[in-house]
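Structure file coords.txt; described as compact mmCIF, C-alpha atoms (C1' of nucleotides).
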# COMPACT_ATOMS: atom_id res chain seq x y z
CA MET O 13 15.07 14.32 -21.97
CA THR O 14 15.15 11.20 -24.13
CA THR O 15 12.08 9.09 -24.79
CA ALA O 16 13.47 6.35 -22.57
CA ASP O 17 13.92 8.87 -19.77
CA ARG O 18 10.41 10.21 -20.17
CA LEU O 19 9.07 6.67 -19.98
CA VAL O 20 10.97 6.02 -16.76
CA GLU O 21 9.85 9.33 -15.22
CA SER O 22 6.22 8.66 -16.12
CA THR O 23 6.49 5.21 -14.61
CA ARG O 24 7.97 6.65 -11.42
CA GLU O 25 5.05 9.05 -11.06
CA LEU O 26 2.43 6.42 -11.77
CA LEU O 27 4.00 3.86 -9.43
CA TRP O 28 3.90 6.49 -6.72
CA GLU O 29 0.30 7.48 -7.42
CA ARG O 30 -1.27 4.16 -8.33
CA GLY O 31 1.17 1.36 -7.53
CA TYR O 32 2.36 -1.38 -9.85
CA THR O 33 -0.93 -3.23 -10.36
CA GLY O 34 -2.77 0.04 -10.87
CA THR O 35 -0.39 1.24 -13.56
CA SER O 36 -0.95 0.12 -17.18
CA PRO O 37 1.55 0.35 -20.02
CA LYS O 38 -0.94 2.49 -21.88
CA ALA O 39 -1.11 5.03 -19.06
CA ILE O 40 2.69 5.19 -18.96
CA GLN O 41 2.89 5.76 -22.71
CA GLN O 42 0.27 8.49 -22.66
CA ARG O 43 1.95 10.37 -19.81
CA ALA O 44 5.32 10.07 -21.53
CA GLY O 45 3.91 11.06 -24.91
CA ALA O 46 5.29 7.88 -26.43
CA GLY O 47 3.70 5.14 -28.49
CA GLN O 48 3.61 1.43 -27.76
CA GLY O 49 6.31 0.62 -30.29
CA SER O 50 8.55 3.12 -28.60
CA MET O 51 8.04 1.67 -25.16
CA TYR O 52 8.62 -1.92 -26.25
CA HIS O 53 11.67 -0.87 -28.18
CA HIS O 54 13.39 0.57 -25.10
CA PHE O 55 12.08 -1.90 -22.53
CA THR O 56 11.12 -5.53 -22.65
CA GLY O 57 7.82 -4.87 -20.87
CA LYS O 58 6.13 -3.46 -17.79
CA PRO O 59 8.35 -5.24 -15.23
CA ASP O 60 11.54 -4.05 -16.97
CA LEU O 61 10.32 -0.46 -17.00
CA ALA O 62 9.17 -0.69 -13.40
CA LEU O 63 12.58 -1.94 -12.32
CA ALA O 64 14.31 1.06 -13.93
CA ALA O 65 11.80 3.39 -12.26
CA ILE O 66 12.09 1.79 -8.82
CA ARG O 67 15.90 1.86 -8.94
CA ARG O 68 15.95 5.52 -9.85
CA THR O 69 13.52 6.38 -7.05
CA ALA O 70 15.50 4.31 -4.56
CA ASP O 71 18.75 6.06 -5.51
CA GLU O 72 17.11 9.45 -5.13
CA MET O 73 15.62 8.59 -1.74
CA ARG O 74 18.94 7.38 -0.44
CA ALA O 75 20.75 10.49 -1.62
CA GLN O 76 18.20 12.76 0.04
CA ALA O 77 18.41 10.91 3.35
CA GLU O 78 22.18 10.95 3.25
CA ALA O 79 22.13 14.73 2.79
CA GLN O 80 20.47 15.20 6.19
CA LEU O 81 22.13 12.35 8.03
CA SER O 82 25.71 13.06 7.05
CA ALA O 83 25.52 16.75 7.95
CA PRO O 84 27.66 18.03 10.83
CA GLY O 85 26.05 18.44 14.24
CA ALA O 86 24.62 16.42 17.09
CA ALA O 87 22.95 13.07 16.36
CA VAL O 88 19.54 14.26 17.57
CA ASP O 89 19.76 17.34 15.40
CA ARG O 90 20.55 15.29 12.32
CA VAL O 91 17.68 12.90 13.01
CA THR O 92 15.41 15.91 13.58
CA ALA O 93 16.53 17.49 10.33
CA TYR O 94 15.81 14.25 8.51
CA LEU O 95 12.34 13.84 10.04
CA ARG O 96 11.41 17.50 9.61
CA ARG O 97 12.60 17.71 6.03
CA GLU O 98 10.00 18.93 3.56
CA ARG O 99 8.04 15.98 2.29
CA ASP O 100 5.08 15.28 0.05
CA VAL O 101 3.36 13.70 3.04
CA LEU O 102 -0.05 13.00 1.49
CA LYS O 103 1.57 11.21 -1.44
CA GLY O 104 3.39 8.90 0.93
CA CYS O 105 6.73 7.15 0.48
CA PRO O 106 7.31 6.03 -3.13
CA ILE O 107 9.39 3.09 -1.91
CA GLY O 108 7.37 2.12 1.16
CA ARG O 109 4.15 1.98 -0.83
CA LEU O 110 5.58 -0.76 -3.07
CA THR O 111 5.56 -2.96 -0.02
CA GLN O 112 1.78 -3.26 -0.47
CA ASP O 113 2.05 -4.31 -4.09
CA PRO O 114 1.77 -8.10 -4.22
CA ASP O 115 3.24 -8.33 -7.72
CA VAL O 116 6.28 -6.31 -6.69
CA MET O 117 6.86 -8.36 -3.55
CA ALA O 118 6.40 -11.59 -5.52
CA SER O 119 9.23 -10.65 -7.88
CA PRO O 120 12.70 -10.97 -6.32
CA THR O 121 14.05 -8.53 -8.89
CA LEU O 122 11.52 -5.77 -8.25
CA ARG O 123 11.55 -6.37 -4.54
CA GLU O 124 15.31 -6.14 -4.10
CA PRO O 125 15.68 -2.32 -4.33
CA VAL O 126 12.78 -1.90 -1.88
CA GLU O 127 14.34 -4.22 0.67
CA GLU O 128 17.78 -2.74 0.13
CA THR O 129 16.69 0.89 0.50
CA LEU O 130 14.70 0.52 3.70
CA GLY O 131 17.37 -1.76 5.14
CA TRP O 132 20.03 0.81 4.37
CA LEU O 133 17.96 3.58 5.94
CA ARG O 134 17.57 1.69 9.22
CA GLU O 135 21.26 0.90 9.26
CA ARG O 136 22.27 4.49 8.50
CA LEU O 137 20.02 5.92 11.25
CA SER O 138 21.39 3.30 13.61
CA GLN O 139 24.92 4.55 12.90
CA VAL O 140 23.92 8.15 13.59
CA LEU O 141 22.28 7.22 16.90
CA ALA O 142 25.21 4.99 17.92
CA GLU O 143 27.51 7.90 17.19
CA GLY O 144 25.39 10.10 19.45
CA VAL O 145 25.70 7.56 22.24
CA ALA O 146 29.48 7.21 21.68
CA ARG O 147 29.91 10.98 21.83
CA GLY O 148 28.02 11.19 25.11
CA GLU O 149 25.10 13.07 23.54
CA LEU O 150 22.59 10.32 24.14
CA ASP O 151 21.73 8.03 27.06
CA PRO O 152 24.12 5.03 26.86
CA ALA O 153 21.16 2.75 27.61
CA LEU O 154 19.56 3.70 24.29
CA ASP O 155 19.52 0.81 21.79
CA ALA O 156 20.58 2.40 18.50
CA ARG O 157 19.30 -0.38 16.25
CA GLU O 158 15.85 -0.57 17.83
CA THR O 159 15.46 3.17 18.02
CA ALA O 160 16.47 3.50 14.37
CA ALA O 161 13.75 1.00 13.41
CA THR O 162 11.29 3.05 15.48
CA VAL O 163 12.23 6.28 13.73
CA VAL O 164 11.88 4.80 10.24
CA ALA O 165 8.60 3.15 11.25
CA VAL O 166 7.24 6.48 12.51
CA LEU O 167 7.94 7.97 9.09
CA GLN O 168 6.37 5.13 7.14
CA GLY O 169 3.42 4.88 9.51
CA GLY O 170 3.03 8.65 9.62
CA TYR O 171 2.40 8.60 5.88
CA VAL O 172 -0.29 5.96 6.38
CA LEU O 173 -2.04 8.00 9.07
CA ALA O 174 -1.84 11.18 7.02
CA ARG O 175 -3.36 9.52 3.96
CA ALA O 176 -6.10 7.93 6.04
CA ALA O 177 -6.94 11.27 7.64
CA GLY O 178 -6.56 13.23 4.43
CA SER O 179 -4.38 15.60 6.42
CA VAL O 180 -0.73 16.14 7.28
CA GLU O 181 -1.61 16.59 10.94
CA PRO O 182 -1.19 13.01 12.23
CA PHE O 183 2.14 12.75 10.42
CA ASP O 184 3.39 15.89 12.15
CA GLN O 185 2.07 14.68 15.49
CA ALA O 186 3.78 11.31 15.14
CA VAL O 187 7.09 12.97 14.26
CA THR O 188 6.82 15.50 17.06
CA GLY O 189 5.87 12.69 19.41
CA VAL O 190 8.89 10.52 18.68
CA LEU O 191 11.24 13.52 18.81
CA GLY O 192 9.77 14.37 22.22
CA LEU O 193 10.45 10.83 23.43
CA LEU O 194 13.97 10.99 22.02
CA ALA O 195 14.64 14.38 23.63
CA ALA O 196 14.18 12.76 27.04
CA ARG O 197 17.17 10.55 26.27
CA VAL O 198 19.48 13.41 25.42
CA VAL O 199 22.24 13.75 28.01
CA ASP O 200 22.11 17.15 29.68
CA PRO O 201 25.60 18.74 29.29
CA ALA O 202 24.91 20.74 32.49
CA ALA O 203 24.42 17.60 34.55
CA MET M 13 -22.21 -19.52 6.43
CA THR M 14 -24.47 -18.03 3.79
CA THR M 15 -23.29 -17.32 0.27
CA ALA M 16 -23.36 -13.59 0.97
CA ASP M 17 -21.16 -14.17 4.01
CA ARG M 18 -18.71 -16.28 2.06
CA LEU M 19 -18.48 -13.57 -0.57
CA VAL M 20 -17.72 -10.94 2.07
CA GLU M 21 -15.12 -13.16 3.77
CA SER M 22 -13.41 -13.90 0.46
CA THR M 23 -13.36 -10.22 -0.34
CA ARG M 24 -11.84 -9.45 3.05
CA GLU M 25 -9.04 -11.93 2.44
CA LEU M 26 -8.35 -10.71 -1.07
CA LEU M 27 -8.40 -7.03 -0.10
CA TRP M 28 -5.85 -7.86 2.57
CA GLU M 29 -3.64 -9.87 0.23
CA ARG M 30 -3.96 -7.93 -3.02
CA GLY M 31 -5.74 -4.64 -2.34
CA TYR M 32 -8.81 -3.27 -4.10
CA THR M 33 -7.33 -2.78 -7.58
CA GLY M 34 -5.65 -6.17 -7.46
CA THR M 35 -8.87 -7.99 -6.58
CA SER M 36 -11.24 -9.01 -9.37
CA PRO M 37 -14.86 -10.09 -8.97
CA LYS M 38 -13.91 -13.38 -10.60
CA ALA M 39 -11.25 -14.09 -7.96
CA ILE M 40 -13.76 -13.30 -5.22
CA GLN M 41 -16.35 -15.64 -6.72
CA GLN M 42 -13.87 -18.48 -7.09
CA ARG M 43 -12.62 -18.20 -3.52
CA ALA M 44 -16.20 -18.05 -2.23
CA GLY M 45 -17.31 -20.92 -4.43
CA ALA M 46 -20.06 -18.75 -5.89
CA GLY M 47 -21.04 -17.90 -9.44
CA GLN M 48 -21.32 -14.48 -11.01
CA GLY M 49 -25.11 -14.48 -10.89
CA SER M 50 -24.90 -15.16 -7.19
CA MET M 51 -22.54 -12.32 -6.50
CA TYR M 52 -24.50 -9.78 -8.50
CA HIS M 53 -27.69 -10.92 -6.86
CA HIS M 54 -26.42 -10.14 -3.34
CA PHE M 55 -24.30 -7.09 -4.18
CA THR M 56 -24.60 -4.35 -6.77
CA GLY M 57 -20.95 -4.75 -7.77
CA LYS M 58 -17.36 -4.73 -6.62
CA PRO M 59 -17.53 -1.44 -4.68
CA ASP M 60 -20.62 -2.58 -2.77
CA LEU M 61 -18.97 -5.85 -1.80
CA ALA M 62 -15.74 -4.09 -0.86
CA LEU M 63 -17.64 -1.72 1.41
CA ALA M 64 -19.20 -4.61 3.29
CA ALA M 65 -15.80 -6.28 3.60
CA ILE M 66 -13.99 -3.14 4.76
CA ARG M 67 -16.66 -2.37 7.35
CA ARG M 68 -16.47 -5.84 8.80
CA THR M 69 -12.68 -5.70 9.00
CA ALA M 70 -12.80 -2.26 10.59
CA ASP M 71 -15.26 -3.44 13.24
CA GLU M 72 -13.09 -6.43 14.03
CA MET M 73 -9.93 -4.36 14.28
CA ARG M 74 -11.58 -1.91 16.63
CA ALA M 75 -12.91 -4.67 18.87
CA GLN M 76 -9.47 -6.29 19.10
CA ALA M 77 -7.78 -3.03 20.01
CA GLU M 78 -10.42 -2.24 22.58
CA ALA M 79 -9.81 -5.62 24.23
CA GLN M 80 -6.23 -4.67 25.07
CA LEU M 81 -6.74 -0.99 25.72
CA SER M 82 -9.72 -1.24 28.05
CA ALA M 83 -8.09 -3.90 30.25
CA PRO M 84 -7.26 -3.02 33.86
CA GLY M 85 -3.70 -2.00 34.69
CA ALA M 86 -1.22 0.81 34.14
CA ALA M 87 -1.37 2.82 30.92
CA VAL M 88 2.07 1.66 29.77
CA ASP M 89 1.13 -1.95 30.38
CA ARG M 90 -2.02 -1.62 28.31
CA VAL M 91 -0.13 0.04 25.46
CA THR M 92 2.51 -2.68 25.72
CA ALA M 93 -0.14 -5.40 25.64
CA TYR M 94 -1.64 -3.79 22.54
CA LEU M 95 1.68 -3.48 20.72
CA ARG M 96 2.87 -6.93 21.72
CA ARG M 97 -0.37 -8.67 20.81
CA GLU M 98 0.00 -11.54 18.37
CA ARG M 99 -0.22 -10.20 14.84
CA ASP M 100 0.08 -11.43 11.30
CA VAL M 101 2.96 -9.01 10.85
CA LEU M 102 4.04 -10.01 7.35
CA LYS M 103 0.50 -9.64 6.06
CA GLY M 104 0.35 -6.09 7.36
CA CYS M 105 -2.65 -4.11 8.55
CA PRO M 106 -5.81 -4.86 6.53
CA ILE M 107 -7.07 -1.33 7.09
CA GLY M 108 -3.80 0.57 6.79
CA ARG M 109 -2.99 -1.07 3.44
CA LEU M 110 -6.16 0.39 1.90
CA THR M 111 -4.54 3.77 2.34
CA GLN M 112 -2.34 2.89 -0.65
CA ASP M 113 -5.28 1.98 -2.86
CA PRO M 114 -6.05 5.00 -5.06
CA ASP M 115 -9.54 3.75 -5.96
CA VAL M 116 -10.42 3.31 -2.28
CA MET M 117 -9.13 6.74 -1.32
CA ALA M 118 -10.93 8.31 -4.29
CA SER M 119 -14.28 6.98 -3.08
CA PRO M 120 -15.64 8.86 -0.04
CA THR M 121 -17.78 5.84 0.82
CA LEU M 122 -14.96 3.29 0.81
CA ARG M 123 -12.57 5.68 2.44
CA GLU M 124 -14.78 6.59 5.37
CA PRO M 125 -14.29 3.39 7.45
CA VAL M 126 -10.52 3.61 6.92
CA GLU M 127 -10.37 7.19 8.12
CA GLU M 128 -12.75 6.49 10.98
CA THR M 129 -10.89 3.42 12.26
CA LEU M 130 -7.40 4.90 12.34
CA GLY M 131 -8.77 8.14 13.76
CA TRP M 132 -10.52 6.24 16.52
CA LEU M 133 -7.37 4.26 17.31
CA ARG M 134 -5.28 7.40 17.75
CA GLU M 135 -7.96 8.93 19.92
CA ARG M 136 -8.33 5.81 22.06
CA LEU M 137 -4.57 5.49 22.63
CA SER M 138 -4.48 9.18 23.46
CA GLN M 139 -7.10 8.60 26.18
CA VAL M 140 -5.10 5.74 27.66
CA LEU M 141 -1.91 7.80 27.75
CA ALA M 142 -3.72 10.85 29.17
CA GLU M 143 -5.13 8.59 31.86
CA GLY M 144 -1.59 7.44 32.66
CA VAL M 145 -0.48 11.02 33.04
CA ALA M 146 -3.50 11.91 35.18
CA ARG M 147 -2.84 8.95 37.47
CA GLY M 148 0.76 10.01 37.94
CA GLU M 149 2.10 6.96 36.09
CA LEU M 150 3.62 9.00 33.26
CA ASP M 151 5.68 12.18 33.01
CA PRO M 152 3.22 15.11 33.04
CA ALA M 153 5.23 16.69 30.20
CA LEU M 154 4.25 13.84 27.88
CA ASP M 155 1.88 14.95 25.11
CA ALA M 156 -0.75 12.22 24.95
CA ARG M 157 -2.07 13.09 21.48
CA GLU M 158 1.32 13.25 19.82
CA THR M 159 2.59 10.13 21.56
CA ALA M 160 -0.55 8.26 20.54
CA ALA M 161 0.08 9.21 16.91
CA THR M 162 3.65 7.99 17.31
CA VAL M 163 2.55 4.63 18.70
CA VAL M 164 0.04 4.01 15.91
CA ALA M 165 2.61 5.12 13.32
CA VAL M 166 5.17 2.69 14.73
CA LEU M 167 2.68 -0.13 14.21
CA GLN M 168 1.74 0.87 10.67
CA GLY M 169 5.34 1.61 9.74
CA GLY M 170 6.55 -1.55 11.43
CA TYR M 171 4.39 -3.56 9.05
CA VAL M 172 5.95 -1.75 6.10
CA LEU M 173 9.49 -2.47 7.31
CA ALA M 174 8.68 -6.11 8.01
CA ARG M 175 7.21 -6.64 4.55
CA ALA M 176 10.16 -4.90 2.92
CA ALA M 177 12.62 -7.04 4.86
CA GLY M 178 10.58 -10.23 4.47
CA SER M 179 11.02 -10.68 8.20
CA VAL M 180 9.24 -9.84 11.44
CA GLU M 181 12.48 -8.54 12.94
CA PRO M 182 12.26 -4.82 12.06
CA PHE M 183 8.67 -4.74 13.31
CA ASP M 184 9.74 -6.19 16.64
CA GLN M 185 12.67 -3.80 16.85
CA ALA M 186 10.49 -0.77 16.13
CA VAL M 187 7.99 -1.83 18.81
CA THR M 188 10.70 -2.57 21.36
CA GLY M 189 12.33 0.74 20.49
CA VAL M 190 9.25 2.86 21.09
CA LEU M 191 8.43 0.99 24.29
CA GLY M 192 11.99 1.68 25.46
CA LEU M 193 11.53 5.37 24.77
CA LEU M 194 8.19 5.35 26.55
CA ALA M 195 9.63 3.52 29.58
CA ALA M 196 11.95 6.48 30.17
CA ARG M 197 8.85 8.61 30.72
CA VAL M 198 7.33 6.35 33.35
CA VAL M 199 7.34 8.03 36.74
CA ASP M 200 9.39 6.02 39.23
CA PRO M 201 7.15 5.30 42.24
CA ALA M 202 10.30 5.08 44.43
CA ALA M 203 11.33 8.62 43.55
C1' DG D 14 -31.16 -17.49 -5.64
C1' DT D 15 -28.02 -19.49 -8.98
C1' DC D 16 -26.51 -20.58 -13.65
C1' DT D 17 -24.74 -19.70 -18.38
C1' DA D 18 -24.27 -16.60 -22.34
C1' DT D 19 -22.86 -12.43 -24.11
C1' DA D 20 -20.27 -8.20 -24.42
C1' DA D 21 -17.76 -3.67 -24.25
C1' DA D 22 -13.54 -2.09 -22.60
C1' DG D 23 -8.85 -2.42 -20.91
C1' DA D 24 -4.32 -4.94 -20.05
C1' DG D 25 -0.18 -6.44 -21.97
C1' DA D 26 2.01 -7.68 -25.59
C1' DT D 27 3.77 -9.08 -30.75
C1' DA D 28 4.44 -8.10 -35.86
C1' DG D 29 5.70 -5.75 -39.43
C1' DA D 30 5.58 -1.32 -42.09
C1' DC D 31 7.92 3.14 -42.28
C1' DG L 26 13.36 4.36 -33.28
C1' DT L 27 8.49 5.04 -33.83
C1' DC L 28 3.91 3.90 -35.70
C1' DT L 29 -0.30 1.19 -36.56
C1' DA L 30 -2.55 -3.25 -36.67
C1' DT L 31 -3.62 -7.29 -34.49
C1' DC L 32 -4.26 -10.62 -30.79
C1' DT L 33 -5.26 -13.06 -26.48
C1' DC L 34 -6.83 -12.55 -21.66
C1' DT L 35 -8.98 -10.35 -18.10
C1' DT L 36 -12.14 -7.10 -16.06
C1' DT L 37 -16.68 -5.93 -14.81
C1' DA L 38 -20.56 -6.28 -15.66
C1' DT L 39 -25.85 -7.33 -17.97
C1' DA L 40 -29.60 -10.56 -19.64
C1' DG L 41 -32.30 -14.08 -19.35
C1' DA L 42 -33.09 -19.13 -18.54
C1' DC L 43 -33.81 -22.45 -14.70
structure tokens encoding of this file:
Amino acid sequence: MTTADRLVESTRELLWERGYTGTSPKAIQQRAGAGQGSMYHHFTGKPDLALAAIRRTADEMRAQAEAQLSAPGAAVDRVTAYLRRERDVLKGCPIGRLTQDPDVMASPTLREPVEETLGWLRERLSQVLAEGVARGELDPALDARETAATVVAVLQGGYVLARAAGSVEPFDQAVTGVLGLLAARVVDPAA
Amino acid sequence: MTTADRLVESTRELLWERGYTGTSPKAIQQRAGAGQGSMYHHFTGKPDLALAAIRRTADEMRAQAEAQLSAPGAAVDRVTAYLRRERDVLKGCPIGRLTQDPDVMASPTLREPVEETLGWLRERLSQVLAEGVARGELDPALDARETAATVVAVLQGGYVLARAAGSVEPFDQAVTGVLGLLAARVVDPAA
DNA sequence: GTCTATAAAGAGATAGAC
DNA sequence: GTCTATCTCTTTATAGAC
């Protein structure tokens, strides 16, 4: 891994753990095993490095979601697979957490990948649910767009509850709860 | 309002806007119109002041939730009233956001009110839903605890989506979505 | 109680040698 | 490309006068 790569990876970890405000250039350099001169040679400063880190994390998150959501199978099963996927629940969502960082939200450049990624995720889930309705798997009265927002919100909020509780339990409950509600809208093939 | 009160109120605002790490004693003093000597006379330091601020916010949040949830009426209506209550959506939840503050979560003292408040909220919503089931308003198969976690997660996650989008829309969609799912579990009195 | 002075440490860079 | 030196602000206090 090149020095530039190690700097980006260290920044990704620190942004996840401590957020933008809580992450200093010095901490990034130490974790990457690079000196100041090295960091300012490859990047113009903290915002530039953060942008590279956020973009890489956003790309990764999108690819992982797409892996579950584009799989073959019923819409509910794909949504279930996505929600039940192994996650570092107590660390939270590396993109969602940036939403609480005032300096990130104040910068159109840094904010853009955050907005784009969560917007894409809602849209993609909406497609999957709409497909389920079109195929006769789900209640035609189900609003795909709203339900997609609900599912993404359960994920993001589940992280918050888990971190507050210091336990994965509320996250699992919230996911199980929304899947239970969704199951009631699955059209019974026997009916 | 006393100087101590103004300091606590300023801290509450700043914790909401910028989080614990992003809030400096100097910023607190300026917003409160108080000098350093004044602040350090009334409080031992930033953590002490933050604790007072967090506790006050937690008490307020609990009282507001209780106002909707203890009202007369059907369980679904009370949950709806709670979710639909007027909120400063783009500012997010002043308690939930602290979950992303590593220094808050690392301090058992600062963390306690956060954990307590969100734990109480899940428990209280669970009671309301269980009551709905017991009264025959809701499908007996509905798991009150899990559904309560889902509802609280939708709120917390809805804030995240709204902030990411820079718009209240995804929050409203997520809330409408979960209420739509819940409506399908309401027992039809005509049946 | 509130004010001003002082200060050690960290944040976030820039400059120039190697 | 990487290193060390230097620099300006900010953070988070403490000390002591008023």
Subject >> Within 9 Å of region 23-30 of chain D using all atoms listed in the file, minus same-chain residues under 3 positions, as a list in words >> reply: Ser36, Pro37, Lys38, Tyr52, Gly57 and Lys58 of chain O; DC28, DT29, DA30, DT31, DC32, DC34, DT35 and DT36 of chain L
Dump as a Markdown table the rows for residues of chain O within 6 Å of chain M: closest atom pair and distance in Å with one decimal, all atoms listed in the file counted, ordered by chain and rising residue number.
| residue | atom | partner | partner_atom | distance |
| --- | --- | --- | --- | --- |
| O:Arg30 | CA | M:Pro114 | CA | 5.9 |
| O:Thr111 | CA | M:Ala176 | CA | 5.8 |
| O:Pro114 | CA | M:Arg30 | CA | 5.9 |
| O:Glu127 | CA | M:Ala176 | CA | 4.8 |
| O:Glu158 | CA | M:Gly189 | CA | 4.6 |
| O:Thr159 | CA | M:Gly189 | CA | 4.7 |
| O:Ala161 | CA | M:Ala186 | CA | 4.6 |
| O:Thr162 | CA | M:Ala186 | CA | 4.0 |
| O:Ala165 | CA | M:Gly169 | CA | 3.9 |
| O:Val166 | CA | M:Val166 | CA | 4.9 |
| O:Gln168 | CA | M:Gly169 | CA | 4.5 |
| O:Gly169 | CA | M:Gly169 | CA | 3.8 |
| O:Gly170 | CA | M:Ala165 | CA | 5.1 |
| O:Ala176 | CA | M:Glu127 | CA | 4.8 |
| O:Ala177 | CA | M:Glu127 | CA | 5.4 |
| O:Gln185 | CA | M:Glu158 | CA | 4.6 |
| O:Ala186 | CA | M:Thr162 | CA | 4.0 |
| O:Gly189 | CA | M:Glu158 | CA | 4.6 |
| O:Val190 | CA | M:Thr162 | CA | 6.0 |
| O:Leu193 | CA | M:Leu193 | CA | 5.7 |
Subject >> Protein/DNA/RNA residues near (-17.8, -4.4, -16.3), cut 9 Å, only C-alpha atoms (C1' of nucleotides), as JSON, numbers by chain >> reply: {"D": [21, 22], "L": [36, 37, 38, 39]}
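Counting from CA of Pro120 (chain O), the distance to CA of Pro106 (chain M) is 23.3 Å.
Considering the residues O:Leu19, O:Pro59, O:Glu25, O:Ala79 and counting all atoms listed in the file, chain D has its shortest atom-to-atom contact with O:Pro59.
Checking O:Val20, O:Leu26, O:Met51, O:Met73 one by one against chain D, counting only C-alpha atoms (C1' of nucleotides), you find the shortest gap at O:Met51.
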Original post:
For His53 (chain O), which residue among O:Cys105, O:Glu78, O:Glu143, O:Ala16 is the nearest when counting only C-alpha atoms?
Top reply: O:Ala16
**OP:** Work out how far CA of Val198 (chain M) is from CA of Val145 (chain M), in Å to one decimal.
**Re:** 9.1 Å
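Residue list for chain D within 9 Å of chain M: DG14, DT15 and DC16 of chain D, counting all atoms listed in the file.
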**OP:** Have a look at CA of Gln42 (chain O) and CA of Leu63 (chain O) and let me know their distance in Å, one decimal.
**Re:** 19.2 Å
N, CA and C atoms are needed for region 167-183 of chain O; please write them out as an mmCIF file, keeping the file's coordinate frame.
data_model
loop_
_atom_site.group_PDB
_atom_site.id
_atom_site.type_symbol
_atom_site.label_atom_id
_atom_site.label_comp_id
_atom_site.auth_asym_id
_atom_site.auth_seq_id
_atom_site.Cartn_x
_atom_site.Cartn_y
_atom_site.Cartn_z
ATOM 1 N N LEU O 167 8.057 7.325 10.397
ATOM 2 C CA LEU O 167 7.940 7.970 9.090
ATOM 3 C C LEU O 167 6.947 7.222 8.206
ATOM 4 N N GLN O 168 7.219 5.940 8.022
ATOM 5 C CA GLN O 168 6.370 5.130 7.140
ATOM 6 C C GLN O 168 4.932 5.080 7.641
ATOM 7 N N GLY O 169 4.772 4.927 8.933
ATOM 8 C CA GLY O 169 3.420 4.880 9.510
ATOM 9 C C GLY O 169 2.770 6.252 9.513
ATOM 10 N N GLY O 170 3.569 7.291 9.662
ATOM 11 C CA GLY O 170 3.030 8.650 9.620
ATOM 12 C C GLY O 170 2.375 8.936 8.275
ATOM 13 N N TYR O 171 2.990 8.458 7.211
ATOM 14 C CA TYR O 171 2.400 8.600 5.880
ATOM 15 C C TYR O 171 1.030 7.921 5.833
ATOM 16 N N VAL O 172 0.973 6.720 6.379
ATOM 17 C CA VAL O 172 -0.290 5.960 6.380
ATOM 18 C C VAL O 172 -1.384 6.741 7.116
ATOM 19 N N LEU O 173 -1.047 7.258 8.284
ATOM 20 C CA LEU O 173 -2.040 8.000 9.070
ATOM 21 C C LEU O 173 -2.470 9.273 8.366
ATOM 22 N N ALA O 174 -1.518 9.939 7.721
ATOM 23 C CA ALA O 174 -1.840 11.180 7.020
ATOM 24 C C ALA O 174 -2.785 10.904 5.847
ATOM 25 N N ARG O 175 -2.494 9.853 5.099
ATOM 26 C CA ARG O 175 -3.360 9.520 3.960
ATOM 27 C C ARG O 175 -4.749 9.110 4.425
ATOM 28 N N ALA O 176 -4.797 8.349 5.509
ATOM 29 C CA ALA O 176 -6.100 7.930 6.040
ATOM 30 C C ALA O 176 -6.912 9.140 6.478
ATOM 31 N N ALA O 177 -6.246 10.096 7.120
ATOM 32 C CA ALA O 177 -6.940 11.270 7.640
ATOM 33 C C ALA O 177 -7.182 12.326 6.574
ATOM 34 N N GLY O 178 -6.454 12.201 5.459
ATOM 35 C CA GLY O 178 -6.560 13.230 4.430
ATOM 36 C C GLY O 178 -5.937 14.528 4.898
ATOM 37 N N SER O 179 -4.996 14.411 5.829
ATOM 38 C CA SER O 179 -4.380 15.600 6.420
ATOM 39 C C SER O 179 -2.965 15.302 6.889
ATOM 40 N N VAL O 180 -2.110 16.305 6.844
ATOM 41 C CA VAL O 180 -0.730 16.140 7.280
ATOM 42 C C VAL O 180 -0.637 16.039 8.797
ATOM 43 N N GLU O 181 -1.654 16.474 9.483
ATOM 44 C CA GLU O 181 -1.610 16.590 10.940
ATOM 45 C C GLU O 181 -1.101 15.350 11.681
ATOM 46 N N PRO O 182 -1.670 14.167 11.463
ATOM 47 C CA PRO O 182 -1.190 13.010 12.230
ATOM 48 C C PRO O 182 0.273 12.674 11.957
ATOM 49 N N PHE O 183 0.725 12.961 10.738
ATOM 50 C CA PHE O 183 2.140 12.750 10.420
ATOM 51 C C PHE O 183 2.994 13.665 11.304
#
